Structure formats: C-alpha cells, structure tokens
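run27.cif, holding mmCIF, C-alpha atoms:
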```cif
data_run
#
loop_
_atom_site.label_atom_id
_atom_site.label_comp_id
_atom_site.auth_asym_id
_atom_site.auth_seq_id
_atom_site.Cartn_x
_atom_site.Cartn_y
_atom_site.Cartn_z
CA MET A 459 -92.47 -22.62 -19.28
CA ILE A 460 -90.67 -25.60 -17.73
CA ASN A 461 -86.87 -25.31 -17.87
CA SER A 462 -85.75 -27.40 -14.94
CA LYS A 463 -86.90 -29.48 -12.02
CA LYS A 464 -87.07 -26.26 -9.95
CA ASP A 465 -90.02 -25.21 -12.05
CA ILE A 466 -91.70 -28.55 -11.34
CA LYS A 467 -91.18 -28.05 -7.62
CA LYS A 468 -92.76 -24.58 -7.73
CA ILE A 469 -95.79 -25.90 -9.61
CA LYS A 470 -96.27 -28.80 -7.21
CA GLU A 471 -95.96 -26.59 -4.15
CA GLU A 472 -98.44 -24.09 -5.56
CA LEU A 473 -100.94 -26.82 -6.41
CA GLU A 474 -100.62 -28.33 -2.94
CA ARG A 475 -101.22 -24.91 -1.38
CA ILE A 476 -104.31 -24.36 -3.54
CA LYS A 477 -105.62 -27.84 -2.82
CA PHE A 478 -105.17 -27.33 0.92
CA ASP A 479 -106.98 -23.98 0.85
CA LEU A 480 -109.88 -25.43 -1.15
CA GLN A 481 -110.82 -27.42 1.95
CA ASN A 482 -112.20 -24.14 3.29
CA TYR A 483 -114.83 -24.22 0.57
CA ASP A 484 -116.11 -27.72 1.22
CA GLU A 485 -119.85 -27.86 1.99
CA SER A 486 -119.20 -29.08 5.54
CA THR A 487 -117.17 -25.96 6.42
CA TYR A 488 -120.24 -23.76 5.99
CA GLU A 489 -122.51 -25.84 8.20
CA PRO A 490 -121.45 -24.56 11.65
CA LYS A 491 -121.95 -20.96 10.48
CA ILE A 492 -125.39 -21.80 9.05
CA ILE A 493 -126.41 -23.46 12.33
CA GLU A 494 -125.20 -20.48 14.32
CA LEU A 495 -126.92 -17.88 12.15
CA TRP A 496 -130.15 -19.85 11.98
CA GLN A 497 -130.17 -20.07 15.77
CA PHE A 498 -129.92 -16.27 15.92
CA ILE A 499 -132.83 -15.99 13.48
CA LYS A 500 -134.91 -18.34 15.61
CA GLU A 501 -134.04 -16.30 18.69
CA ARG A 502 -135.17 -13.18 16.87
CA ALA A 503 -138.49 -14.85 16.07
CA ALA A 504 -138.78 -16.01 19.68
CA LYS A 505 -138.19 -12.44 20.86
CA VAL A 506 -141.12 -11.24 18.74
CA GLN A 507 -143.38 -13.93 20.16
CA LEU A 508 -142.34 -13.12 23.72
CA GLU A 509 -142.99 -9.42 23.07
CA ASN A 510 -146.51 -10.34 21.96
CA MET A 511 -147.16 -12.55 25.00
CA PRO A 512 -148.99 -10.78 27.83
CA ILE A 513 -147.71 -11.25 31.34
CA ASP A 514 -150.63 -13.46 32.34
CA ALA A 515 -149.38 -16.13 29.88
CA ILE A 516 -147.24 -17.32 32.80
CA LYS A 517 -150.42 -18.77 34.33
CA THR A 518 -150.22 -21.58 31.81
CA PHE A 519 -147.14 -22.92 33.61
CA GLU A 520 -147.56 -21.80 37.19
CA LYS A 521 -150.55 -20.82 39.33
CA GLY A 522 -150.65 -18.31 42.18
CA LEU A 523 -147.94 -15.97 40.91
CA PRO A 524 -148.02 -12.24 41.79
CA LEU A 525 -149.12 -11.11 38.33
CA LYS A 526 -150.96 -8.05 39.65
CA GLN A 527 -147.71 -6.81 41.17
CA LEU A 528 -146.00 -7.19 37.79
CA ASP A 529 -148.81 -5.29 36.11
CA ARG A 530 -148.63 -2.47 38.66
CA ALA A 531 -144.89 -2.27 38.06
CA GLY A 532 -145.61 -1.58 34.39
CA TYR A 533 -144.61 -4.90 32.81
CA LYS A 534 -146.74 -5.68 29.77
CA ASN A 535 -145.18 -8.70 28.08
CA ILE A 536 -143.01 -11.74 28.81
CA TYR A 537 -139.98 -10.43 26.95
CA GLU A 538 -139.57 -7.55 29.39
CA ILE A 539 -138.87 -10.04 32.20
CA SER A 540 -137.42 -12.84 30.07
CA ASN A 541 -133.88 -12.48 31.46
CA TYR A 542 -134.72 -11.43 34.99
CA THR A 543 -132.98 -13.14 37.87
CA PRO A 544 -134.76 -13.91 41.17
CA ILE A 545 -132.93 -10.93 42.70
CA GLN A 546 -134.37 -8.62 40.03
CA PHE A 547 -137.88 -9.98 40.64
CA LEU A 548 -137.36 -9.27 44.35
CA GLN A 549 -136.93 -5.57 43.51
CA ILE A 550 -140.57 -5.47 42.37
CA ASN A 551 -142.88 -4.22 45.08
CA GLY A 552 -144.95 -7.06 46.58
CA VAL A 553 -142.80 -9.93 45.26
CA GLY A 554 -141.25 -12.16 47.94
CA ALA A 555 -138.34 -14.59 47.79
CA LYS A 556 -140.51 -17.63 47.07
CA SER A 557 -142.52 -15.84 44.38
CA ALA A 558 -139.31 -14.49 42.80
CA SER A 559 -137.98 -18.01 42.33
CA GLN A 560 -141.33 -19.23 41.03
CA LEU A 561 -141.49 -16.34 38.55
CA LYS A 562 -138.00 -17.11 37.28
CA GLU A 563 -138.88 -20.78 36.84
CA ALA A 564 -142.20 -20.01 35.11
CA VAL A 565 -140.62 -17.51 32.70
CA GLU A 566 -137.92 -20.04 31.79
CA LYS A 567 -140.63 -22.60 31.00
CA VAL A 568 -142.39 -20.08 28.76
CA LYS A 569 -139.13 -19.24 26.99
CA GLN A 570 -138.27 -22.90 26.52
CA SER A 571 -141.69 -23.65 25.06
CA VAL A 572 -141.44 -20.73 22.64
CA HIS A 573 -137.90 -21.58 21.53
CA ILE A 574 -138.84 -25.21 20.87
CA ARG A 575 -141.86 -24.38 18.76
CA VAL A 576 -140.79 -21.16 17.06
CA ASN A 577 -140.10 -21.27 13.33
CA GLY A 578 -137.33 -19.11 11.97
CA ARG A 579 -138.29 -17.08 8.92
CA ILE A 580 -136.59 -14.73 6.50
CA ASP A 581 -138.80 -11.94 5.22
CA PRO A 582 -137.47 -10.66 1.86
CA ASP A 583 -139.31 -7.36 2.44
CA SER A 584 -137.42 -6.58 5.66
CA LEU A 585 -134.02 -8.20 5.44
CA GLU A 586 -131.57 -7.38 8.23
CA ARG A 587 -127.81 -7.86 8.35
CA LEU A 588 -128.36 -11.20 10.10
CA ASP A 589 -130.51 -12.40 7.20
CA TYR A 590 -127.96 -11.31 4.63
CA ASP A 591 -125.19 -13.10 6.53
CA LEU A 592 -127.15 -16.35 6.44
CA LEU A 593 -128.16 -15.95 2.79
CA ARG A 594 -124.54 -15.18 1.85
CA THR A 595 -123.25 -18.25 3.70
CA ILE A 596 -125.77 -20.51 1.97
CA TYR A 597 -125.11 -18.86 -1.39
CA HIS A 598 -121.38 -19.47 -0.96
CA LYS A 599 -122.03 -23.06 0.05
CA ARG A 600 -124.16 -23.66 -3.03
CA HIS A 601 -121.82 -21.99 -5.49
CA LEU A 602 -118.27 -21.97 -4.15
CA SER A 603 -118.28 -25.58 -3.00
CA VAL A 604 -119.16 -26.56 -6.57
CA GLU A 605 -116.45 -24.34 -8.03
CA ALA A 606 -113.92 -25.64 -5.51
CA GLU A 607 -114.71 -29.20 -6.56
CA LYS A 608 -114.13 -28.21 -10.20
CA VAL A 609 -110.72 -26.77 -9.34
CA GLU A 610 -109.83 -29.92 -7.39
CA ASN A 611 -110.74 -31.98 -10.45
CA LEU A 612 -108.54 -29.74 -12.61
CA ILE A 613 -105.64 -30.32 -10.21
CA THR A 614 -106.24 -34.07 -10.18
CA ASN A 615 -106.34 -34.22 -13.97
CA PHE A 616 -103.25 -32.02 -14.23
CA ASN A 617 -101.31 -34.24 -11.84
CA GLU A 618 -102.40 -37.38 -13.66
CA GLU A 619 -101.50 -35.97 -17.06
CA PHE A 620 -97.98 -34.87 -16.10
CA LYS A 621 -97.18 -37.35 -13.33
CA GLU A 622 -94.78 -39.51 -15.33
CA ASP A 623 -93.18 -36.59 -17.18
CA PHE A 624 -92.62 -34.63 -13.97
CA SER A 625 -91.09 -37.71 -12.41
CA ILE A 626 -88.56 -37.91 -15.24
CA ILE A 627 -87.72 -34.19 -15.09
CA GLU A 628 -87.22 -34.43 -11.31
CA GLN A 629 -84.32 -36.80 -11.98
CA GLN A 630 -82.36 -33.83 -13.32
CA LYS A 631 -79.19 -33.20 -11.30
CA ASN A 632 -77.58 -29.90 -10.44
CA VAL A 633 -74.95 -28.44 -12.74
CA PHE A 634 -72.06 -30.22 -11.03
CA MET A 635 -73.72 -33.63 -10.63
CA ARG A 636 -75.08 -33.50 -14.16
CA ILE A 637 -71.67 -34.45 -15.55
CA PHE A 638 -72.14 -37.88 -13.97
CA GLN A 639 -75.47 -38.51 -15.73
CA SER A 640 -75.46 -40.49 -18.93
CA ALA A 641 -76.10 -38.78 -22.23
CA LYS A 642 -79.19 -40.93 -22.71
CA GLU A 643 -80.61 -39.90 -19.34
CA LYS A 644 -79.96 -36.21 -20.01
CA GLU A 645 -81.46 -36.51 -23.47
CA ASN A 646 -84.58 -38.16 -22.00
CA ILE A 647 -84.98 -35.33 -19.48
CA ALA A 648 -84.53 -32.68 -22.18
CA SER A 649 -87.04 -34.29 -24.53
CA THR A 650 -89.53 -34.65 -21.67
CA ILE A 651 -89.20 -30.95 -20.85
CA ASP A 652 -89.81 -30.18 -24.49
CA ARG A 653 -92.84 -32.47 -24.57
CA VAL A 654 -94.59 -31.00 -21.51
CA ASN A 655 -94.05 -27.50 -22.87
CA LYS A 656 -95.62 -28.52 -26.16
CA GLN A 657 -98.55 -29.91 -24.14
CA GLU A 658 -99.07 -26.35 -22.88
CA VAL A 659 -98.36 -27.16 -19.27
CA ASP A 660 -98.15 -23.43 -18.48
CA LYS A 661 -101.59 -22.69 -19.87
CA LYS A 662 -103.13 -25.55 -17.94
CA PHE A 663 -101.41 -24.44 -14.75
CA VAL A 664 -102.57 -20.84 -15.26
CA LYS A 665 -106.12 -22.09 -15.89
CA ILE A 666 -106.10 -23.73 -12.46
CA LYS A 667 -104.75 -20.59 -10.78
CA ASN A 668 -107.32 -18.39 -12.50
CA ALA A 669 -110.18 -20.68 -11.48
CA TYR A 670 -108.87 -20.60 -7.92
CA SER A 671 -108.60 -16.80 -8.01
CA VAL A 672 -112.27 -16.55 -9.01
CA ILE A 673 -113.17 -18.42 -5.83
CA LYS A 674 -110.87 -16.32 -3.63
CA GLU A 675 -112.14 -13.03 -5.04
CA PHE A 676 -115.81 -14.06 -5.22
CA LYS A 677 -118.28 -11.50 -3.92
CA VAL A 678 -122.06 -11.33 -4.04
CA SER A 679 -124.06 -8.16 -3.40
CA ASP A 680 -127.01 -7.81 -1.06
CA GLU A 681 -129.21 -7.04 -4.06
CA THR A 682 -128.21 -10.29 -5.76
CA LEU A 683 -128.81 -12.25 -2.55
CA LYS A 684 -132.28 -10.78 -2.12
CA LYS A 685 -133.24 -11.49 -5.73
CA ASP A 686 -131.89 -15.03 -5.56
CA PHE A 687 -133.69 -15.71 -2.29
CA ILE A 688 -137.00 -14.49 -3.71
CA GLU A 689 -136.57 -16.79 -6.72
CA ASN A 690 -135.13 -19.79 -4.86
CA SER A 691 -136.32 -19.50 -1.24
CA ILE A 692 -137.05 -23.21 -1.13
CA GLN A 693 -133.40 -24.06 -1.78
CA TYR A 694 -132.28 -21.76 1.03
CA TYR A 695 -134.69 -23.25 3.56
CA THR A 696 -133.77 -26.75 2.42
CA SER A 697 -130.10 -25.94 3.04
CA VAL A 698 -130.95 -24.83 6.56
CA GLU A 699 -133.02 -27.92 7.29
CA SER A 700 -130.42 -30.31 5.90
CA VAL A 701 -127.89 -28.86 8.35
CA THR A 702 -130.09 -28.32 11.41
CA GLY A 703 -131.84 -31.71 11.19
CA PHE A 704 -135.34 -30.24 11.25
CA THR A 705 -138.00 -32.95 10.79
CA ASN A 706 -141.58 -32.90 9.57
CA GLN A 707 -142.62 -34.53 12.84
CA LYS A 708 -142.27 -31.11 14.46
CA GLN A 709 -144.68 -29.74 11.90
CA ALA A 710 -147.28 -32.32 12.87
CA ASP A 711 -147.58 -31.72 16.62
CA ASP A 712 -151.29 -30.94 16.40
CA ILE A 713 -152.19 -33.91 14.16
CA PRO A 714 -153.19 -37.28 15.68
CA SER A 715 -150.19 -39.60 15.77
CA GLU A 716 -152.06 -42.31 13.84
CA LEU A 717 -152.66 -39.88 10.96
CA VAL A 718 -149.04 -38.70 11.03
CA GLU A 719 -147.85 -42.30 10.73
CA ALA A 720 -150.27 -43.00 7.87
CA VAL A 721 -149.17 -39.87 5.99
CA ASN A 722 -145.47 -40.59 6.51
CA ALA A 723 -146.03 -44.09 5.12
CA VAL A 724 -147.12 -42.63 1.76
CA LYS A 725 -144.45 -43.16 -0.91
CA LEU A 726 -144.03 -39.85 -2.73
CA ASN A 727 -142.61 -40.26 -6.23
CA VAL A 728 -140.18 -37.36 -6.74
CA THR A 729 -138.81 -38.56 -10.09
CA ASP A 730 -138.35 -35.54 -12.42
CA LEU A 731 -138.91 -33.14 -9.52
CA ASN A 732 -136.05 -30.67 -9.86
CA LEU A 733 -135.68 -29.68 -6.20
CA THR A 734 -135.36 -31.12 -2.73
CA LEU A 735 -138.57 -30.65 -0.79
CA ARG A 736 -138.39 -29.20 2.69
CA ASN A 737 -139.54 -31.70 5.30
CA TYR A 738 -142.88 -30.01 5.94
CA GLN A 739 -143.43 -29.62 2.18
CA GLU A 740 -142.91 -33.34 1.69
CA PHE A 741 -145.32 -33.99 4.56
CA GLY A 742 -147.86 -31.59 2.98
CA ALA A 743 -147.62 -33.34 -0.40
CA LYS A 744 -148.04 -36.75 1.21
CA TYR A 745 -150.94 -35.41 3.26
CA ALA A 746 -152.67 -34.29 0.05
CA ILE A 747 -152.13 -37.68 -1.59
CA TYR A 748 -153.41 -39.50 1.49
CA ASN A 749 -156.50 -37.34 2.09
CA ARG A 750 -157.24 -36.39 -1.54
CA ARG A 751 -159.28 -33.33 -0.66
CA ILE A 752 -157.46 -30.82 1.50
CA LEU A 753 -157.14 -27.16 2.38
CA LEU A 754 -153.50 -26.09 2.42
CA GLY A 755 -152.87 -23.00 4.52
CA ASP A 756 -149.30 -21.71 4.83
CA GLU A 757 -147.75 -18.32 5.20
CA MET A 758 -146.70 -16.59 2.02
CA GLY A 759 -143.39 -17.82 0.63
CA LEU A 760 -143.37 -21.21 2.34
CA GLY A 761 -143.99 -23.24 -0.80
CA LYS A 762 -147.68 -24.01 -1.33
CA THR A 763 -147.05 -24.00 -5.09
CA VAL A 764 -144.21 -26.49 -4.77
CA GLN A 765 -146.29 -28.84 -2.62
CA ALA A 766 -149.06 -28.81 -5.21
CA LEU A 767 -146.56 -29.44 -8.02
CA ALA A 768 -145.07 -32.34 -6.07
CA VAL A 769 -148.52 -33.97 -5.88
CA ILE A 770 -149.24 -33.35 -9.59
CA ASN A 771 -145.82 -34.76 -10.49
CA HIS A 772 -146.50 -37.83 -8.33
CA LEU A 773 -149.85 -38.41 -10.00
CA ASN A 774 -148.35 -37.96 -13.46
CA HIS A 775 -146.00 -40.87 -12.78
CA ASN A 776 -149.07 -42.88 -11.85
CA ASN A 777 -150.66 -42.20 -15.26
CA GLN A 778 -152.97 -39.60 -13.74
CA SER A 779 -151.81 -36.76 -15.94
CA TYR A 780 -154.58 -34.17 -16.14
CA ALA A 781 -154.46 -31.23 -13.71
CA ILE A 782 -156.06 -27.80 -13.63
CA VAL A 783 -154.72 -24.88 -11.60
CA VAL A 784 -157.13 -22.00 -11.00
CA CYS A 785 -155.56 -18.82 -9.68
CA PRO A 786 -155.65 -15.00 -9.85
CA LEU A 787 -154.30 -13.54 -13.10
CA SER A 788 -151.39 -11.98 -11.20
CA VAL A 789 -149.83 -15.40 -10.47
CA VAL A 790 -150.66 -17.27 -13.69
CA ALA A 791 -147.19 -16.63 -15.13
CA ASN A 792 -145.60 -17.65 -11.83
CA TRP A 793 -147.39 -21.02 -11.91
CA LYS A 794 -146.09 -21.70 -15.42
CA ARG A 795 -142.58 -20.59 -14.50
CA GLU A 796 -142.51 -22.76 -11.35
CA THR A 797 -143.90 -25.75 -13.26
CA GLU A 798 -141.21 -25.50 -15.92
CA LYS A 799 -138.50 -24.83 -13.36
CA PHE A 800 -139.23 -27.68 -10.98
CA THR A 801 -140.90 -30.35 -13.15
CA LYS A 802 -140.96 -31.82 -16.64
CA LEU A 803 -144.74 -31.45 -16.85
CA ASN A 804 -146.43 -29.65 -19.75
CA ALA A 805 -147.80 -26.27 -18.68
CA PHE A 806 -150.56 -24.53 -20.65
CA ILE A 807 -152.01 -21.08 -19.96
CA TYR A 808 -155.71 -20.80 -20.78
CA HIS A 809 -156.01 -17.05 -21.26
CA GLY A 810 -156.14 -14.63 -24.17
CA ASN A 811 -157.18 -14.97 -27.80
CA ASN A 812 -155.69 -18.43 -28.43
CA ARG A 813 -157.11 -20.03 -25.31
CA GLU A 814 -159.34 -22.50 -27.18
CA SER A 815 -156.41 -23.96 -29.12
CA VAL A 816 -154.46 -24.16 -25.87
CA PHE A 817 -157.34 -26.01 -24.24
CA LYS A 818 -157.37 -28.59 -27.06
CA GLU A 819 -153.60 -28.96 -26.82
CA TRP A 820 -153.88 -29.67 -23.09
CA LEU A 821 -156.55 -32.31 -23.74
CA SER A 822 -154.24 -33.90 -26.28
CA LYS A 823 -150.84 -33.67 -24.56
CA LYS A 824 -151.87 -33.78 -20.86
CA GLY A 825 -150.17 -31.75 -18.14
CA ILE A 826 -151.30 -28.67 -16.21
CA LEU A 827 -153.89 -26.22 -17.51
CA ILE A 828 -153.40 -22.89 -15.72
CA THR A 829 -156.27 -20.44 -15.82
CA THR A 830 -158.12 -17.75 -13.87
CA PHE A 831 -161.35 -18.02 -11.87
CA GLU A 832 -163.31 -16.17 -14.53
CA HIS A 833 -161.97 -18.25 -17.43
CA THR A 834 -163.13 -21.53 -15.89
CA ARG A 835 -166.56 -20.52 -17.17
CA ASN A 836 -165.34 -20.26 -20.77
CA PHE A 837 -164.15 -23.77 -21.66
CA ASP A 838 -166.45 -26.70 -22.28
CA LYS A 839 -166.24 -28.87 -19.19
CA ASN A 840 -167.99 -31.71 -21.02
CA LEU A 841 -164.86 -32.17 -23.13
CA ILE A 842 -162.86 -33.00 -20.01
CA LYS A 843 -163.18 -36.77 -19.68
CA GLU A 844 -160.60 -37.06 -16.94
CA LEU A 845 -159.35 -34.64 -14.29
CA ASN A 846 -156.90 -36.02 -11.76
CA MET A 847 -156.15 -32.92 -9.71
CA LEU A 848 -157.73 -29.51 -9.23
CA VAL A 849 -155.73 -26.81 -7.47
CA VAL A 850 -157.53 -23.64 -6.42
CA ASP A 851 -154.96 -21.03 -5.47
CA GLU A 852 -156.16 -18.16 -3.25
CA ALA A 853 -159.29 -20.23 -2.58
CA HIS A 854 -160.93 -17.51 -0.49
CA PHE A 855 -162.04 -16.03 -3.82
CA VAL A 856 -164.65 -18.79 -4.07
CA LYS A 857 -166.10 -18.57 -0.57
CA ASN A 858 -169.38 -17.11 -1.81
CA PRO A 859 -171.47 -20.04 -3.16
CA GLU A 860 -173.72 -17.61 -5.06
CA ALA A 861 -170.87 -16.20 -7.16
CA LYS A 862 -170.61 -17.52 -10.72
CA ARG A 863 -166.90 -18.20 -10.42
CA SER A 864 -167.54 -20.24 -7.27
CA GLN A 865 -170.17 -22.28 -9.06
CA SER A 866 -167.78 -22.86 -11.97
CA ILE A 867 -165.17 -24.24 -9.57
CA TYR A 868 -167.77 -26.51 -7.97
CA GLU A 869 -168.60 -27.89 -11.42
CA LEU A 870 -164.92 -28.66 -12.05
CA SER A 871 -164.70 -30.49 -8.75
CA ASN A 872 -167.47 -32.88 -9.85
CA ILE A 873 -165.91 -33.98 -13.13
CA LYS A 874 -165.83 -37.74 -13.61
CA ASN A 875 -162.53 -39.47 -12.76
CA TYR A 876 -161.56 -36.47 -10.67
CA LEU A 877 -159.39 -37.63 -7.79
CA TYR A 878 -157.61 -34.85 -5.90
CA TYR A 879 -158.75 -31.44 -4.81
CA LEU A 880 -156.32 -28.99 -3.20
CA LEU A 881 -157.44 -25.59 -1.96
CA SER A 882 -154.62 -23.18 -1.27
CA LEU A 883 -154.78 -19.94 0.65
CA PRO A 884 -152.53 -17.84 2.90
CA LEU A 885 -153.09 -18.07 6.63
CA HIS A 886 -154.27 -14.46 6.88
CA ALA A 887 -157.08 -14.99 4.36
#
```
How does this structure look as structure tokens?
Amino acid sequence: MINSKKDIKKIKEELERIKFDLQNYDESTYEPKIIELWQFIKERAAKVQLENMPIDAIKTFEKGLPLKQLDRAGYKNIYEISNYTPIQFLQINGVGAKSASQLKEAVEKVKQSVHIRVNGRIDPDSLERLDYDLLRTIYHKRHLSVEAEKVENLITNFNEEFKEDFSIIEQQKNVFMRIFQSAKEKENIASTIDRVNKQEVDKKFVKIKNAYSVIKEFKVSDETLKKDFIENSIQYYTSVESVTGFTNQKQADDIPSELVEAVNAVKLNVTDLNLTLRNYQEFGAKYAIYNRRILLGDEMGLGKTVQALAVINHLNHNNQSYAIVVCPLSVVANWKRETEKFTKLNAFIYHGNNRESVFKEWLSKKGILITTFEHTRNFDKNLIKELNMLVVDEAHFVKNPEAKRSQSIYELSNIKNYLYYLLSLPLHA
C-alpha cells in the first residue's frame, strides 16, 4: 500500500534495479557464451578427425618428411603429434632440426584444414557436459530473453500508468514542511494516494516482482534439455548459426561455383513456414527446386524432413499443391507431426482401414499424402491427375528394381504433371 512518497521511492528504486538486471537476459548477452561453447564442440569434432587421420596424411601438405621414423616411434595418428613443438619432434630418433620444423609446419597445416572444414555436432545419444552447457545457454536465450522482455513491458506499462500520480505524491513534504503546503495541495496528494491504492498498485507491483523472480530462479534439467533438443534440434542449430555467422557457401565447397550461384539465386518462398531454416537447409531446398530431381543425403538429425517440407511449402504457394511422401511405417507419424508443426499444409496418412476415404480427401483438399512403401501399391494411381512432388524417405529401400515396392515408386514418379522428385537417405545407407 502507498502511504507516502517514501513508498514511491522504494517502488521506483526496485523497478530500476530489476530493469537494470534484466539486461543480463537480453539475447545478445548469451551470444559470446554460445560462440565459445560451439568452438569447443568444433574442437572436439576436430580431435576425433585427427585421431582418425593416419600419420601419412601429412604427405598431402609436405613431401619428404621422416614418416617412417614416426611410425617406428609408435605414432599412429595426427592427433598424437598435433601439439608437438620442433624440440619434441627432435626427441624422435632419426628426426633432424630441419625435419622437426617441417613436421611442425605440416601438422599445423593439417590441423588448420581440419578446423576450417569440421562441422560441430551434438549427438543426443551421447551428450556430454559441454553439450548440455550449450543447450542450456540456447534454451535460456530462447526462453528467458522472451520472459525478460515481458517483464520490461510490465515495468513500462506500470510507469506509464502511475507516472502522473506518482509525480503528485512526490510533492508531499516532510512533517515539518507540510504545514507550509496549502490545504488544496495536501488534499490533492491524499486523494491521489487513495486513487493509486484503489487501482491496486501493490498487486501490479507484486506481479512484476513475481515475474522477475521466475526468471531469477529459472532452472532446466538435463532431461528436459535432451528432450527439447530431440524435438527442436533445428532451432538449436539455427541459434548457433545465427551467432557464429556460418554460411551455406561453406556447405558447397565441392559444388561448381556456377551451380552454387544458380542455386543461391533461387527465391525460396518461406511464407507459412514456421521455422528459420539453417543455411545449408535453405541451400538444400533451393537445390531441390533448381534441379527438380535430387538425392538428398545428410546425417541423421540434420533436417532432411524440414528441407523436403520447405520445398513442398514453396510449391504449394505456387499452386502446385499435391505431394506424396513415401516412408517406413516407423516415421509416418513423425512426418505428419513435422508437417503440422512447421507448415500450414494438410497432412493425410494413407494407412489402416480408412485409407481409401483419406485418399479421396487428399485428392479433394490437396496437401501431403503420407504413406508406406507397401501401401503405394494399394491406391489407384490413375485417379492422381497431378503430382507436384514425390518424396521417398529412406530411399535405399527401393534400390532393387525387381521389388514390387520399387516398381510402385517408379510408377508414381511417372505420373503426369509430376514435377519434383526428392530421394532421401542417411549417409551411411
């Protein structure tokens, strides 16, 4: 309750303190930590690559090095000598001063090449403390920065609502000086105090403090982080890339520059796409639109589904609204969930007893028909007058041209008005 201008002073000081502390939850404050942690993750990935590089990989950068001497000394991979100084190389039997310097220079070139090209990755099946630290930082950035902004808005609204009233109450004099104030002035101050109390100033102030306390006391468990990362890995990687400045050009080192330029020139329509694509995912979607028939090979968890959905969404906005996704039964539900999560496209599952009615509904309403390899043999392909995109997930299941499911997929790929054909499979397949 407000009784005097001292109470106003306390409220203002507390709000200023809260507002100042909320700066620690601004998105930009998390960025240096994300950069630092991601660099550690990249270094971890580089370490693995260096451990898998045999000693003779140095030959790529320098000829005539004493590699036999290194082998005799028991060195098997680049990582074992990655931090050696010329003096340490000199301790190896048969290595002279000149060779020691050359070895150091060659190893540094190998390390530099690996660090430039290595891709950091978080494996949800083997998360380490480093991974959890990064996930927690990104989680805090995504959630606490939003909550901090809400509290700042509450403070702004509070100050605006009571600005004039507080200004009047602050004119209140101390007990001695109050005798010199006019009765009208004192009455105005008293009525203002009464008014702000009736406006529940205390409740509104407590609401701000409680919202701030939620931020200060916020904690997220490792289990929650892991679950959230599995469900929203794209958002985590996007957060990293937005901070580190990663570009899709680095993902296109092995593609002719003319093709890279042509793909980058494609205008991808992301209207109604409820996520921010990672740079390489955007490049992959544009690549599919540009080439029409592609094989998309990425490691598990890097967003092949999202890239396909981005293309289907793009086509839908170009009045090319019929798509079929063929996949193993184990991921049918995932395709529907991802479609509904990231797009506004209709998603229909052709499976089970009501599949024929679902098929007719898809023909009528357009969107994505999700089915299994076996079930592609069950619907009447002659009823499909237009098919704008065919996605074959886990495409290695149709490698055998003699298999009936392979032949069924081939028939789908020849439907009239068919435009885009995307085969998806993991790199290990």
Selection result of the PyMOL selection byres ((chain A and resi 848) around 12) on this file, as a PyMOL selection string: chain A and resi 746+750-753+766-767+769-770+773+779-785+825-829+834+844-847+849-851+853+867-873+875-882
- request: Would you kindly translate the PyMOL selection byres ((chain A and resi 701) around 10) into the concrete residues it picks from this file, as a PyMOL selection string?
  value: chain A and resi 486+488-490+492-493+496+696-700+702-704
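Between CA of Lys744 in chain A and CA of Lys823 in chain A there is a distance of 26.1 Å.
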query: Using the chain letters and numbers from the file, which residues does the PyMOL selection byres ((chain A and resi 497) around 12) grab, as a ChimeraX atom specification?
result: /A:490-496,498-504,573-574,576-579,588-589,592,698-699,701-702
Now that the selection is made, can you save its residues with C-alpha atoms as a tab-separated table (two decimals), in the frame of the given file?
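This is the output file again-v7.tsv:
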```tsv
chain	number	residue	atom	x	y	z
A	490	PRO	CA	-121.45	-24.56	11.65
A	491	LYS	CA	-121.95	-20.96	10.48
A	492	ILE	CA	-125.39	-21.80	9.05
A	493	ILE	CA	-126.41	-23.46	12.33
A	494	GLU	CA	-125.20	-20.48	14.32
A	495	LEU	CA	-126.92	-17.88	12.15
A	496	TRP	CA	-130.15	-19.85	11.98
A	498	PHE	CA	-129.92	-16.27	15.92
A	499	ILE	CA	-132.83	-15.99	13.48
A	500	LYS	CA	-134.91	-18.34	15.61
A	501	GLU	CA	-134.04	-16.30	18.69
A	502	ARG	CA	-135.17	-13.18	16.87
A	503	ALA	CA	-138.49	-14.85	16.07
A	504	ALA	CA	-138.78	-16.01	19.68
A	573	HIS	CA	-137.90	-21.58	21.53
A	574	ILE	CA	-138.84	-25.21	20.87
A	576	VAL	CA	-140.79	-21.16	17.06
A	577	ASN	CA	-140.10	-21.27	13.33
A	578	GLY	CA	-137.33	-19.11	11.97
A	579	ARG	CA	-138.29	-17.08	8.92
A	588	LEU	CA	-128.36	-11.20	10.10
A	589	ASP	CA	-130.51	-12.40	7.20
A	592	LEU	CA	-127.15	-16.35	6.44
A	698	VAL	CA	-130.95	-24.83	6.56
A	699	GLU	CA	-133.02	-27.92	7.29
A	701	VAL	CA	-127.89	-28.86	8.35
A	702	THR	CA	-130.09	-28.32	11.41
```
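One distance worth recording is that between CA of Leu528 in chain A and CA of Arg575 in chain A, which is 26.0 Å.
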Provide an axis-aligned box for all listed atoms of range 796-808 of chain A, padding each side by 5 Å; report its centre and its edge lengths in Å to one decimal, as JSON.
```
{"center_x": -147.1, "center_y": -26.3, "center_z": -15.9, "size_x": 27.2, "size_y": 21.0, "size_z": 19.8}
```
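In this model, the gap between CA of Trp793 in chain A and CA of Asn732 in chain A comes to 15.0 Å.
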- prompt: If we count all atoms listed in the file, what is near Val728 in chain A at a cut-off of 8 Å, once residues fewer than 5 positions away on the same chain are taken out, given as a list in words?
  reply: Ala768, Asn771 and His772 of chain A
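If you measure from each of A:Lys464, A:Lys725, A:Lys862, A:Arg653 to Glu619 in chain A using all atoms listed in the file, the closest one turns out to be A:Arg653.
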query: Excluding same-chain residues fewer than 2 positions from Lys567 in chain A, what lies within 12 Å of it counting only C-alpha atoms, as a list in words?
result: Ala515, Ile516, Lys517, Thr518, Phe519, Glu520, Ile536, Ser540, Gln560, Leu561, Lys562, Glu563, Ala564, Val565, Lys569, Gln570, Ser571, Val572, His573 and Ile574 of chain A
- request: Write out as a PyMOL selection string the residues lying within 10 Å of Ile688 in chain A, counting all atoms listed in the file and excluding same-chain residues fewer than 6 positions away.
  value: chain A and resi 581-583+682+694+759
Selection export as a compact mmCIF listing (two decimals), keeping the file's coordinate frame, atoms kept: C-alpha atoms:
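again.txt was written with the following content:
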```
# COMPACT_ATOMS: atom_id res chain seq x y z
CA ASP A 581 -138.80 -11.94 5.22
CA PRO A 582 -137.47 -10.66 1.86
CA ASP A 583 -139.31 -7.36 2.44
CA THR A 682 -128.21 -10.29 -5.76
CA TYR A 694 -132.28 -21.76 1.03
CA GLY A 759 -143.39 -17.82 0.63
```
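All polymer residues at most 10 Å from (-141.5, -8.3, 42.0), using only C-alpha atoms, appear as Pro524, Leu525, Lys526, Gln527, Leu528, Asp529, Arg530, Ala531, Pro544, Ile545, Gln546, Phe547, Leu548, Gln549, Ile550, Asn551, Gly552, Val553, Gly554, Ala555, Ser557, Ala558 and Leu561 of chain A.
When only C-alpha atoms are used to compute distances to Val764 in chain A, the closest of the residues A:Lys794, A:Lys621, A:Lys677, A:Lys505 turns out to be A:Lys794.
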